[in-house]
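A.B. asks: Please find protein_16.cif (mmCIF, C-alpha atoms and all ligand atoms; chains and numbers go by the auth columns) on the next line:
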data_my_file
#
loop_
_atom_site.group_PDB
_atom_site.id
_atom_site.type_symbol
_atom_site.label_atom_id
_atom_site.label_comp_id
_atom_site.label_asym_id
_atom_site.label_seq_id
_atom_site.Cartn_x
_atom_site.Cartn_y
_atom_site.Cartn_z
_atom_site.B_iso_or_equiv
_atom_site.auth_seq_id
_atom_site.auth_asym_id
ATOM 1 C CA MET A 1 0.000 0.000 0.000 0.00 44 A
ATOM 2 C CA LEU A 2 1.496 3.350 -1.043 0.00 45 A
ATOM 3 C CA ASN A 3 0.763 6.863 0.263 0.00 46 A
ATOM 4 C CA ASN A 4 0.046 9.777 -2.091 0.00 47 A
ATOM 5 C CA ASP A 5 1.804 12.328 0.131 0.00 48 A
ATOM 6 C CA CYS A 6 5.012 10.353 0.679 0.00 49 A
ATOM 7 C CA ILE A 7 8.148 11.257 -1.243 0.00 50 A
ATOM 8 C CA PHE A 8 9.475 7.665 -1.241 0.00 51 A
ATOM 9 C CA CYS A 9 6.111 6.321 -2.429 0.00 52 A
ATOM 10 C CA LYS A 10 6.342 8.850 -5.272 0.00 53 A
ATOM 11 C CA ILE A 11 9.835 7.562 -6.076 0.00 54 A
ATOM 12 C CA ILE A 12 8.504 3.972 -6.055 0.00 55 A
ATOM 13 C CA LYS A 13 5.695 5.015 -8.438 0.00 56 A
ATOM 14 C CA GLY A 14 8.200 6.796 -10.695 0.00 57 A
ATOM 15 C CA GLU A 15 6.568 10.204 -10.115 0.00 58 A
ATOM 16 C CA ILE A 16 9.863 11.535 -8.727 0.00 59 A
ATOM 17 C CA PRO A 17 13.081 10.480 -10.468 0.00 60 A
ATOM 18 C CA SER A 18 15.777 8.601 -8.576 0.00 61 A
ATOM 19 C CA ALA A 19 19.075 6.913 -9.338 0.00 62 A
ATOM 20 C CA LYS A 20 17.911 3.311 -8.967 0.00 63 A
ATOM 21 C CA VAL A 21 20.466 0.591 -8.376 0.00 64 A
ATOM 22 C CA TYR A 22 18.114 -2.355 -7.695 0.00 65 A
ATOM 23 C CA GLU A 23 14.401 -3.047 -8.013 0.00 66 A
ATOM 24 C CA ASP A 24 12.129 -6.048 -7.721 0.00 67 A
ATOM 25 C CA ASP A 25 8.466 -6.552 -6.860 0.00 68 A
ATOM 26 C CA LYS A 26 9.064 -6.007 -3.114 0.00 69 A
ATOM 27 C CA MET A 27 11.790 -3.379 -2.785 0.00 70 A
ATOM 28 C CA LEU A 28 13.637 -0.505 -4.421 0.00 71 A
ATOM 29 C CA VAL A 29 17.191 0.671 -3.768 0.00 72 A
ATOM 30 C CA PHE A 30 18.346 4.092 -4.960 0.00 73 A
ATOM 31 C CA LYS A 31 21.105 6.588 -4.275 0.00 74 A
ATOM 32 C CA ASP A 32 20.556 9.115 -1.502 0.00 75 A
ATOM 33 C CA ILE A 33 20.235 12.619 -2.941 0.00 76 A
ATOM 34 C CA GLU A 34 22.497 14.040 -0.191 0.00 77 A
ATOM 35 C CA PRO A 35 25.083 11.314 0.367 0.00 78 A
ATOM 36 C CA LYS A 36 26.613 11.131 3.859 0.00 79 A
ATOM 37 C CA ALA A 37 29.310 8.682 2.734 0.00 80 A
ATOM 38 C CA LYS A 38 31.092 7.952 -0.562 0.00 81 A
ATOM 39 C CA GLU A 39 28.406 5.361 -1.250 0.00 82 A
ATOM 40 C CA HIS A 40 24.996 6.061 0.251 0.00 83 A
ATOM 41 C CA LEU A 41 22.018 3.994 -0.831 0.00 84 A
ATOM 42 C CA LEU A 42 18.477 3.856 0.513 0.00 85 A
ATOM 43 C CA ALA A 43 16.519 0.606 0.528 0.00 86 A
ATOM 44 C CA VAL A 44 12.736 0.955 0.738 0.00 87 A
ATOM 45 C CA ALA A 45 9.981 -1.613 0.814 0.00 88 A
ATOM 46 C CA LYS A 46 7.170 -1.107 -1.687 0.00 89 A
ATOM 47 C CA THR A 47 4.746 -0.671 1.201 0.00 90 A
ATOM 48 C CA HIS A 48 4.273 2.511 3.176 0.00 91 A
ATOM 49 C CA PHE A 49 4.870 2.429 6.917 0.00 92 A
ATOM 50 C CA LYS A 50 6.850 4.776 9.114 0.00 93 A
ATOM 51 C CA LEU A 51 8.265 2.777 11.995 0.00 94 A
ATOM 52 C CA LEU A 52 9.350 -0.790 12.598 0.00 95 A
ATOM 53 C CA GLU A 53 6.772 -0.967 15.371 0.00 96 A
ATOM 54 C CA GLU A 54 4.026 -0.139 12.848 0.00 97 A
ATOM 55 C CA ALA A 55 4.916 -3.052 10.588 0.00 98 A
ATOM 56 C CA ASP A 56 2.375 -5.847 10.470 0.00 99 A
ATOM 57 C CA GLU A 57 3.448 -9.396 9.705 0.00 100 A
ATOM 58 C CA ALA A 58 3.754 -8.646 5.989 0.00 101 A
ATOM 59 C CA GLY A 59 5.786 -5.508 6.753 0.00 102 A
ATOM 60 C CA ARG A 60 8.141 -7.443 9.013 0.00 103 A
ATOM 61 C CA GLY A 61 8.554 -9.962 6.232 0.00 104 A
ATOM 62 C CA LEU A 62 9.574 -7.149 3.894 0.00 105 A
ATOM 63 C CA VAL A 63 12.196 -5.871 6.349 0.00 106 A
ATOM 64 C CA ASP A 64 13.534 -9.400 6.624 0.00 107 A
ATOM 65 C CA TYR A 65 13.572 -9.692 2.823 0.00 108 A
ATOM 66 C CA MET A 66 15.464 -6.404 2.450 0.00 109 A
ATOM 67 C CA LEU A 67 18.092 -7.488 4.991 0.00 110 A
ATOM 68 C CA PHE A 68 18.475 -10.717 3.007 0.00 111 A
ATOM 69 C CA LYS A 69 18.959 -8.856 -0.320 0.00 112 A
ATOM 70 C CA ILE A 70 21.126 -5.941 0.866 0.00 113 A
ATOM 71 C CA PRO A 71 24.520 -7.740 1.103 0.00 114 A
ATOM 72 C CA GLY A 72 24.585 -8.573 -2.618 0.00 115 A
ATOM 73 C CA ILE A 73 23.302 -5.138 -3.621 0.00 116 A
ATOM 74 C CA ALA A 74 25.889 -3.393 -1.400 0.00 117 A
ATOM 75 C CA ARG A 75 28.717 -5.536 -2.789 0.00 118 A
ATOM 76 C CA LYS A 76 27.789 -4.598 -6.363 0.00 119 A
ATOM 77 C CA ASN A 77 27.644 -0.893 -5.519 0.00 120 A
ATOM 78 C CA GLY A 78 31.047 -0.027 -4.112 0.00 121 A
ATOM 79 C CA CYS A 79 30.657 -1.485 -0.627 0.00 122 A
ATOM 80 C CA GLU A 80 32.746 -4.627 -1.043 0.00 123 A
ATOM 81 C CA ASN A 81 34.910 -3.726 1.978 0.00 124 A
ATOM 82 C CA GLY A 82 31.938 -3.377 4.297 0.00 125 A
ATOM 83 C CA TYR A 83 29.110 -0.994 4.972 0.00 126 A
ATOM 84 C CA ARG A 84 26.853 0.260 7.729 0.00 127 A
ATOM 85 C CA LEU A 85 23.074 -0.064 7.881 0.00 128 A
ATOM 86 C CA VAL A 86 21.067 2.655 9.636 0.00 129 A
ATOM 87 C CA ILE A 87 17.313 2.782 10.231 0.00 130 A
ATOM 88 C CA ASN A 88 16.279 6.099 11.769 0.00 131 A
ATOM 89 C CA GLN A 89 13.178 5.796 13.932 0.00 132 A
ATOM 90 C CA GLY A 90 11.379 8.978 14.911 0.00 133 A
ATOM 91 C CA ALA A 91 12.285 12.489 15.979 0.00 134 A
ATOM 92 C CA ASP A 92 15.328 11.911 18.193 0.00 135 A
ATOM 93 C CA ALA A 93 16.960 9.913 15.402 0.00 136 A
ATOM 94 C CA GLY A 94 16.294 12.768 12.973 0.00 137 A
ATOM 95 C CA GLN A 95 13.975 10.749 10.739 0.00 138 A
ATOM 96 C CA THR A 96 12.850 13.108 7.986 0.00 139 A
ATOM 97 C CA VAL A 97 11.064 10.770 5.565 0.00 140 A
ATOM 98 C CA PHE A 98 8.291 8.784 7.177 0.00 141 A
ATOM 99 C CA HIS A 99 8.501 5.720 4.965 0.00 142 A
ATOM 100 C CA LEU A 100 10.684 3.051 6.518 0.00 143 A
ATOM 101 C CA HIS A 101 14.063 2.965 4.825 0.00 144 A
ATOM 102 C CA ILE A 102 17.413 1.345 5.414 0.00 145 A
ATOM 103 C CA HIS A 103 20.461 3.533 4.821 0.00 146 A
ATOM 104 C CA ILE A 104 23.421 1.648 3.318 0.00 147 A
ATOM 105 C CA LEU A 105 26.617 3.610 3.948 0.00 148 A
ATOM 106 C CA GLY A 106 30.044 2.591 2.672 0.00 149 A
ATOM 107 C CA GLY A 107 32.693 3.035 0.002 0.00 150 A
ATOM 108 C CA GLN A 108 35.065 4.424 2.633 0.00 151 A
ATOM 109 C CA THR A 109 36.171 3.877 6.207 0.00 152 A
ATOM 110 C CA LEU A 110 33.376 5.183 8.410 0.00 153 A
ATOM 111 C CA ASP A 111 34.422 7.259 11.412 0.00 154 A
ATOM 112 C CA TRP A 112 32.640 5.538 14.274 0.00 155 A
HETATM 113 P P1 LIG B . 16.054 9.910 7.279 0.00 1 B
HETATM 114 O O1 LIG B . 16.687 11.147 7.843 0.00 1 B
HETATM 115 O O2 LIG B . 14.551 10.031 7.251 0.00 1 B
HETATM 116 O O3 LIG B . 16.542 8.644 7.902 0.00 1 B
HETATM 117 O O4 LIG B . 16.597 9.833 5.797 0.00 1 B
HETATM 118 C C1 LIG B . 15.982 10.383 4.678 0.00 1 B
HETATM 119 C C2 LIG B . 17.005 10.394 3.576 0.00 1 B
HETATM 120 O O5 LIG B . 16.333 10.579 2.360 0.00 1 B
HETATM 121 C C3 LIG B . 18.037 11.519 3.702 0.00 1 B
HETATM 122 O O6 LIG B . 19.348 10.962 3.752 0.00 1 B
HETATM 123 C C4 LIG B . 17.807 12.356 2.441 0.00 1 B
HETATM 124 O O7 LIG B . 19.002 12.846 1.882 0.00 1 B
HETATM 125 C C5 LIG B . 17.116 11.384 1.510 0.00 1 B
HETATM 126 N N1 LIG B . 16.170 12.007 0.590 0.00 1 B
HETATM 127 C C6 LIG B . 15.200 12.909 0.887 0.00 1 B
HETATM 128 N N2 LIG B . 14.515 13.241 -0.203 0.00 1 B
HETATM 129 C C7 LIG B . 15.051 12.520 -1.230 0.00 1 B
HETATM 130 C C8 LIG B . 14.755 12.434 -2.632 0.00 1 B
HETATM 131 O O8 LIG B . 13.855 13.082 -3.177 0.00 1 B
HETATM 132 N N3 LIG B . 15.534 11.593 -3.362 0.00 1 B
HETATM 133 C C9 LIG B . 16.535 10.843 -2.813 0.00 1 B
HETATM 134 N N4 LIG B . 17.230 10.052 -3.635 0.00 1 B
HETATM 135 N N5 LIG B . 16.838 10.902 -1.507 0.00 1 B
HETATM 136 C C10 LIG B . 16.107 11.731 -0.731 0.00 1 B
HETATM 137 ZN ZN ZN B . 5.717 5.985 1.494 0.00 2 B
#
What would you get if you wrote out this structure as structure tokens?
Ligand code: 5GP
Ligand code: ZN

C.D. replies:
Amino acid sequence: MLNNDCIFCKIIKGEIPSAKVYEDDKMLVFKDIEPKAKEHLLAVAKTHFKLLEEADEAGRGLVDYMLFKIPGIARKNGCENGYRLVINQGADAGQTVFHLHIHILGGQTLDW
């Protein structure tokens, strides 16, 4: 289920362009528009929900699926020496887009 007011849903629908690196029927991976590392990808499920705690069983299955697919996608996109996954949850984490996404950060040694 997608949301008409959500920027990542619009990217999934192709209404907003993105630099896609991987897509299948369940997920989309594209480059972050303001990269915080040499390689910075965002993995999104093709279902709109904001927080892990809002995910129903199907949503949890999608998170599991994304974690299963990410290693191969990261390796093919400049993160063969390792990478960091980040999932911001809510205000204190600085979440700005309210569609669950997994940041994939790599292509360099990360500071912490
Ligand atoms: P958050 O802070 O919610 O965890 O991360 C949102 C991320 O989405 C940020 O790193 C931001 O740069 C990225 N972002 C926001 N709008 C767009 C967009 O229109 N296109 C792309 N590719 N990335 C976006
Ligand atoms: Zn959305």

A.B. asks: Which residues match the PyMOL selection byres (((chain A and resi 95-108) around 12) and not hetatm) in the file above, as an MDAnalysis selection string?

C.D. replies: chainID A and resid 44 67:71 86:94 109:114 130:133 141:145

A.B. asks: Evaluated on this file, the PyMOL selection byres (((not hetatm)) within 6 of (chain B and resi 2)) picks out some residues - which ones are they, written as a PyMOL selection string?

C.D. replies: chain A and resi 45-46+49+51-52+91+142

A.B. asks: Could you tell me which residues the PyMOL selection byres (((chain A and resi 79) around 12) and not hetatm) grabs in this file, written as an mmCIF file with C-alpha atoms, in the coordinates of the input?

C.D. replies:
data_model
loop_
_atom_site.group_PDB
_atom_site.id
_atom_site.type_symbol
_atom_site.label_atom_id
_atom_site.label_comp_id
_atom_site.auth_asym_id
_atom_site.auth_seq_id
_atom_site.Cartn_x
_atom_site.Cartn_y
_atom_site.Cartn_z
ATOM 1 C CA LYS A 74 21.105 6.588 -4.275
ATOM 2 C CA ASP A 75 20.556 9.115 -1.502
ATOM 3 C CA ILE A 76 20.235 12.619 -2.941
ATOM 4 C CA GLU A 77 22.497 14.040 -0.191
ATOM 5 C CA PRO A 78 25.083 11.314 0.367
ATOM 6 C CA ALA A 80 29.310 8.682 2.734
ATOM 7 C CA LYS A 81 31.092 7.952 -0.562
ATOM 8 C CA GLU A 82 28.406 5.361 -1.250
ATOM 9 C CA HIS A 83 24.996 6.061 0.251
ATOM 10 C CA LEU A 84 22.018 3.994 -0.831
ATOM 11 C CA LEU A 85 18.477 3.856 0.513
ATOM 12 C CA ARG A 127 26.853 0.260 7.729
ATOM 13 C CA VAL A 129 21.067 2.655 9.636
ATOM 14 C CA HIS A 146 20.461 3.533 4.821
ATOM 15 C CA ILE A 147 23.421 1.648 3.318
ATOM 16 C CA LEU A 148 26.617 3.610 3.948
ATOM 17 C CA GLY A 149 30.044 2.591 2.672
ATOM 18 C CA GLY A 150 32.693 3.035 0.002
ATOM 19 C CA GLN A 151 35.065 4.424 2.633
ATOM 20 C CA LEU A 153 33.376 5.183 8.410
ATOM 21 C CA ASP A 154 34.422 7.259 11.412
#

A.B. asks: Between atom CA of Asp135 of chain A and atom CA of Ile55 of chain A, measure the distance and give it in Å to one decimal.

C.D. replies: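 Spanning atom CA of Asp135 of chain A to atom CA of Ile55 of chain A is a straight-line distance of 26.4 Å.
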
A.B. asks: Please return the centre and edge lengths, in Å to one decimal, of a box with edges along x, y and z that contains all listed atoms of segment 139-149 of chain A, widened by 5 Å on every side, as lines of an AutoDock Vina configuration file.

C.D. replies:
center_x = 19.2
center_y = 7.2
center_z = 5.3
size_x = 31.8
size_y = 21.8
size_z = 15.3

A.B. asks: Considering all atoms listed in the file, can you say which of A:Gly115, A:Gly125, A:Gly57, A:Gly137 comes closest to ligand LIG 1 (chain B)?

C.D. replies: A:Gly137

A.B. asks: Which value, in Å to one decimal, gives the distance between atom O3 of ligand LIG 1 (chain B) and atom CA of Val140 of chain A?

C.D. replies: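 If I compute the distance from atom O3 of ligand LIG 1 (chain B) to atom CA of Val140 of chain A, I get 6.3 Å.
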
A.B. asks: Which value, in Å to one decimal, gives the distance between atom C10 of ligand LIG 1 (chain B) and atom CA of Cys122 of chain A?

C.D. replies: 19.7 Å

A.B. asks: Which of these, A:Thr152, A:Asn124, A:Thr139, A:Asn47, has the shortest distance to ligand LIG 1 (chain B) once you count all atoms listed in the file?

C.D. replies: A:Thr139

A.B. asks: Extract segment 44-62 of chain A from the coordinates I pasted, and write it as a PDB file, in the first residue's frame (atoms kept: N, CA and C atoms).

C.D. replies:
ATOM      1  N   MET A  44       0.847  -1.196   0.000  1.00  0.00           N
ATOM      2  CA  MET A  44       0.000   0.000   0.000  1.00  0.00           C
ATOM      3  C   MET A  44       0.888   1.255   0.000  1.00  0.00           C
ATOM      4  N   LEU A  45       0.681   2.139  -0.953  1.00  0.00           N
ATOM      5  CA  LEU A  45       1.496   3.350  -1.043  1.00  0.00           C
ATOM      6  C   LEU A  45       0.684   4.564  -0.605  1.00  0.00           C
ATOM      7  N   ASN A  46       1.386   5.650  -0.293  1.00  0.00           N
ATOM      8  CA  ASN A  46       0.763   6.863   0.263  1.00  0.00           C
ATOM      9  C   ASN A  46       1.005   8.024  -0.710  1.00  0.00           C
ATOM     10  N   ASN A  47      -0.058   8.727  -1.075  1.00  0.00           N
ATOM     11  CA  ASN A  47       0.046   9.777  -2.091  1.00  0.00           C
ATOM     12  C   ASN A  47       0.903  10.960  -1.666  1.00  0.00           C
ATOM     13  N   ASP A  48       1.060  11.155  -0.348  1.00  0.00           N
ATOM     14  CA  ASP A  48       1.804  12.328   0.131  1.00  0.00           C
ATOM     15  C   ASP A  48       3.252  12.002   0.493  1.00  0.00           C
ATOM     16  N   CYS A  49       3.684  10.788   0.216  1.00  0.00           N
ATOM     17  CA  CYS A  49       5.012  10.353   0.679  1.00  0.00           C
ATOM     18  C   CYS A  49       6.021  10.409  -0.471  1.00  0.00           C
ATOM     19  N   ILE A  50       7.132  11.063  -0.195  1.00  0.00           N
ATOM     20  CA  ILE A  50       8.148  11.257  -1.243  1.00  0.00           C
ATOM     21  C   ILE A  50       8.729   9.914  -1.718  1.00  0.00           C
ATOM     22  N   PHE A  51       8.922   8.952  -0.806  1.00  0.00           N
ATOM     23  CA  PHE A  51       9.475   7.665  -1.241  1.00  0.00           C
ATOM     24  C   PHE A  51       8.423   6.849  -1.989  1.00  0.00           C
ATOM     25  N   CYS A  52       7.154   6.981  -1.628  1.00  0.00           N
ATOM     26  CA  CYS A  52       6.111   6.321  -2.429  1.00  0.00           C
ATOM     27  C   CYS A  52       6.092   6.903  -3.844  1.00  0.00           C
ATOM     28  N   LYS A  53       6.302   8.227  -3.937  1.00  0.00           N
ATOM     29  CA  LYS A  53       6.342   8.850  -5.272  1.00  0.00           C
ATOM     30  C   LYS A  53       7.537   8.339  -6.068  1.00  0.00           C
ATOM     31  N   ILE A  54       8.657   8.129  -5.399  1.00  0.00           N
ATOM     32  CA  ILE A  54       9.835   7.562  -6.076  1.00  0.00           C
ATOM     33  C   ILE A  54       9.518   6.143  -6.543  1.00  0.00           C
ATOM     34  N   ILE A  55       8.868   5.348  -5.677  1.00  0.00           N
ATOM     35  CA  ILE A  55       8.504   3.972  -6.055  1.00  0.00           C
ATOM     36  C   ILE A  55       7.587   3.981  -7.283  1.00  0.00           C
ATOM     37  N   LYS A  56       6.640   4.948  -7.309  1.00  0.00           N
ATOM     38  CA  LYS A  56       5.695   5.015  -8.438  1.00  0.00           C
ATOM     39  C   LYS A  56       6.319   5.626  -9.694  1.00  0.00           C
ATOM     40  N   GLY A  57       7.541   6.167  -9.546  1.00  0.00           N
ATOM     41  CA  GLY A  57       8.200   6.796 -10.695  1.00  0.00           C
ATOM     42  C   GLY A  57       7.761   8.226 -10.914  1.00  0.00           C
ATOM     43  N   GLU A  58       7.028   8.810  -9.963  1.00  0.00           N
ATOM     44  CA  GLU A  58       6.568  10.204 -10.115  1.00  0.00           C
ATOM     45  C   GLU A  58       7.686  11.193  -9.799  1.00  0.00           C
ATOM     46  N   ILE A  59       8.656  10.739  -9.000  1.00  0.00           N
ATOM     47  CA  ILE A  59       9.863  11.535  -8.727  1.00  0.00           C
ATOM     48  C   ILE A  59      11.033  10.677  -9.186  1.00  0.00           C
ATOM     49  N   PRO A  60      11.953  11.281  -9.971  1.00  0.00           N
ATOM     50  CA  PRO A  60      13.081  10.480 -10.468  1.00  0.00           C
ATOM     51  C   PRO A  60      14.054  10.107  -9.350  1.00  0.00           C
ATOM     52  N   SER A  61      14.742   8.995  -9.523  1.00  0.00           N
ATOM     53  CA  SER A  61      15.777   8.601  -8.576  1.00  0.00           C
ATOM     54  C   SER A  61      16.818   7.792  -9.332  1.00  0.00           C
ATOM     55  N   ALA A  62      18.010   7.718  -8.750  1.00  0.00           N
ATOM     56  CA  ALA A  62      19.075   6.913  -9.338  1.00  0.00           C
ATOM     57  C   ALA A  62      18.958   5.501  -8.765  1.00  0.00           C
TER      58      ALA A  62
END
